[in-house]
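Participant: One structure is given below, represented as structure tokens, and several questions about it will come after.
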Amino acid sequence: MTTSRQAARQRRQRRRLVLGATVAVTAVSVLAYLVMALPQDRKADAGPTAATPIATTQEAATPTGSATPSATAKPTATGTPSPTRSATTPAARPSPKATPRPPRTAAGTASTTGRIQPKTTYQGVATAYEAADGNGACLFGPSPDLMIAAMNTTDYETSRACGAYVLVRAANGKSITVRITNECPLPCAPGQIDLSQQAFAKLADLKVGRIPITWQLLSPSTSETISIRYKTGSSQYWCGIQAIGHRNPVARLEVRTGDGWRQLPRTEYNYFLSEGGSGCGSSIRLTDIYGEQLIIAGLAVRPNVVQPTRVQFAQH
């Protein structure tokens, strides 16, 4: 009995040893497999992981100089982008050479021209109005003839167009020269000229009412000289000054003061005002849109009196 029991125990111990060895061998095999497989997985992942920072580096370099990648990454001889701040600085702060500049003109011309400029043809329409005696927003008074017109508010430009001579051409080939003495308020559009009925009739039948035109500024020949008028109520303490009969549009009016020439602001009713009386009764300097300057001296403050001078702007 004892021998049989001992033999049974020995068999069970052998089975445990065999089973334990099998488990141990299996575990070692699995461990070895994992150890061998793990470096391969890492090597497989290493390719895309290494490629991503290269692209990220290029993208991150772009904002340092500009929002435009092509402005900051310039290919070198090796083909590698090399972002540089200096390449984008001129784009953000252009040098003077990169800034377009208009050609130089005669002194004062650039600052005196308004919307209506010499040697420029404008397009628009012509309409007609009853001009009565020819007086209008420019306050020149009755006109010696009725070849006059009212300029649309935009091109009237706070009375800068007052006194301008304009050649108007219709599509049928007819033309007429008119002087601007009035303003045509809205709905008159930019480019539109409201002709006196007498002037419109030179181009088309009044029944038509509205015709397409082109027009341009003129500097006509004239034997007339410029006159000066002080506004009603003017004195040495306050005055309004107006130029009349000028060949070219007046761009600026200045008066002589103790500190030099003082430019007076212009009103929409075509007077230049000195509200504090500075320069009232002193010398006057007129500048036309071509930049020519004329000085008029020796005129007293005589309200609402047209005082002739001996000067006139040159013809262009």
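Scheme for the structure tokens: letters A, B, ... for chains in order shown; per-chain residue numbers from 1; ligand numbers from 1 in order shown.
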Produce a table with one row for each residue of region 182-284 of chain A that has an atom at most 10 Å from any atom of region 137-156 of chain A, each row naming the nearest atom pair and its distance in Å at one decimal; use only C-alpha atoms; arrange rows by chain and rising residue number; format as CSV.
Facilitator:
residue,atom,partner,partner_atom,distance
A:Asn182,CA,A:Ala150,CA,4.2
A:Glu183,CA,A:Ala150,CA,4.6
A:Cys184,CA,A:Asn152,CA,4.5
A:Pro185,CA,A:Thr153,CA,5.3
A:Leu186,CA,A:Thr153,CA,6.9
A:Pro187,CA,A:Asn152,CA,8.6
A:Cys188,CA,A:Asn152,CA,5.4
A:Ala189,CA,A:Asn152,CA,6.2
A:Pro190,CA,A:Thr154,CA,5.7
A:Gly191,CA,A:Asn152,CA,7.0
A:Gln192,CA,A:Asn152,CA,5.8
A:Ile193,CA,A:Met151,CA,5.1
A:Asp194,CA,A:Ala150,CA,5.0
A:Leu195,CA,A:Ala149,CA,4.3
A:Ser196,CA,A:Ala149,CA,5.6
A:Gln197,CA,A:Leu146,CA,8.6
A:Gln198,CA,A:Leu146,CA,6.5
A:Ala199,CA,A:Met147,CA,5.3
A:Phe200,CA,A:Met147,CA,9.0
A:Lys202,CA,A:Met147,CA,9.6
A:Arg229,CA,A:Phe140,CA,9.5
A:Gln242,CA,A:Phe140,CA,8.7
A:Ala243,CA,A:Phe140,CA,8.9
A:Ile244,CA,A:Phe140,CA,6.9
A:Gly245,CA,A:Phe140,CA,9.0
A:Thr267,CA,A:Cys138,CA,9.8
A:Glu268,CA,A:Ala137,CA,7.8
A:Tyr269,CA,A:Cys138,CA,5.3
A:Asn270,CA,A:Cys138,CA,5.2
A:Tyr271,CA,A:Cys138,CA,8.4
Participant: Which residues come within 10 Å of region 116-121 of chain A, counting only C-alpha atoms, excluding same-chain residues fewer than 4 positions away, as a ChimeraX atom specification?
Facilitator: /A:112,155-157,160-161,164,167-168,191,214-219,248-249,289-290,316
Participant: Extract the full set of strand (DSSP E or B) residues from region 69-314 of chain A according to DSSP on the backbone, and format it as a count of residues only.
Facilitator: 83
Participant: Region 149-247 of chain A: which residues are alpha helix (DSSP H) by DSSP, as number ranges by chain?
Facilitator: A: 153-156, 197-200
Participant: Let's have the selection written as a JSON list (two decimals), in the first residue's frame, with N, CA, C and O atoms.
Facilitator:
[["chain", "number", "residue", "atom", "x", "y", "z"],
["A", 153, "THR", "N", -24.12, 119.64, -57.89],
["A", 153, "THR", "CA", -23.57, 119.93, -56.57],
["A", 153, "THR", "C", -22.19, 119.30, -56.35],
["A", 153, "THR", "O", -21.30, 119.93, -55.78],
["A", 154, "THR", "N", -22.00, 118.07, -56.83],
["A", 154, "THR", "CA", -20.72, 117.40, -56.63],
["A", 154, "THR", "C", -19.59, 118.15, -57.30],
["A", 154, "THR", "O", -18.55, 118.43, -56.69],
["A", 155, "ASP", "N", -19.76, 118.50, -58.57],
["A", 155, "ASP", "CA", -18.72, 119.20, -59.31],
["A", 155, "ASP", "C", -18.71, 120.70, -59.03],
["A", 155, "ASP", "O", -17.72, 121.38, -59.33],
["A", 156, "TYR", "N", -19.79, 121.21, -58.46],
["A", 156, "TYR", "CA", -19.82, 122.61, -58.02],
["A", 156, "TYR", "C", -18.81, 122.82, -56.89],
["A", 156, "TYR", "O", -18.14, 123.85, -56.81],
["A", 197, "GLN", "N", -32.17, 127.67, -70.62],
["A", 197, "GLN", "CA", -32.96, 127.25, -71.78],
["A", 197, "GLN", "C", -32.37, 127.80, -73.07],
["A", 197, "GLN", "O", -32.39, 127.13, -74.11],
["A", 198, "GLN", "N", -31.83, 129.02, -73.01],
["A", 198, "GLN", "CA", -31.23, 129.64, -74.20],
["A", 198, "GLN", "C", -30.02, 128.84, -74.67],
["A", 198, "GLN", "O", -29.80, 128.67, -75.88],
["A", 199, "ALA", "N", -29.22, 128.34, -73.73],
["A", 199, "ALA", "CA", -28.04, 127.56, -74.11],
["A", 199, "ALA", "C", -28.43, 126.16, -74.59],
["A", 199, "ALA", "O", -27.88, 125.65, -75.57],
["A", 200, "PHE", "N", -29.39, 125.55, -73.92],
["A", 200, "PHE", "CA", -29.84, 124.20, -74.31],
["A", 200, "PHE", "C", -30.38, 124.21, -75.73],
["A", 200, "PHE", "O", -30.15, 123.27, -76.51]]
Participant: What separation in Å, quoted to one decimal, exists between CA of Ile284 (chain A) and CA of Glu254 (chain A)?
Facilitator: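 Spanning CA of Ile284 (chain A) to CA of Glu254 (chain A) is a straight-line distance of 5.8 Å.
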Participant: So the first atom is CA of Ala297 (chain A) and the second is CA of Tyr237 (chain A); what is the distance between them in Å, to one decimal place?
Facilitator: 18.7 Å
Participant: Between A:Ile226, A:Val255, A:Ile180, A:Ile295, which residue has the minimum interatomic distance to Ser282 (chain A), considering only C-alpha atoms?
Facilitator: A:Val255
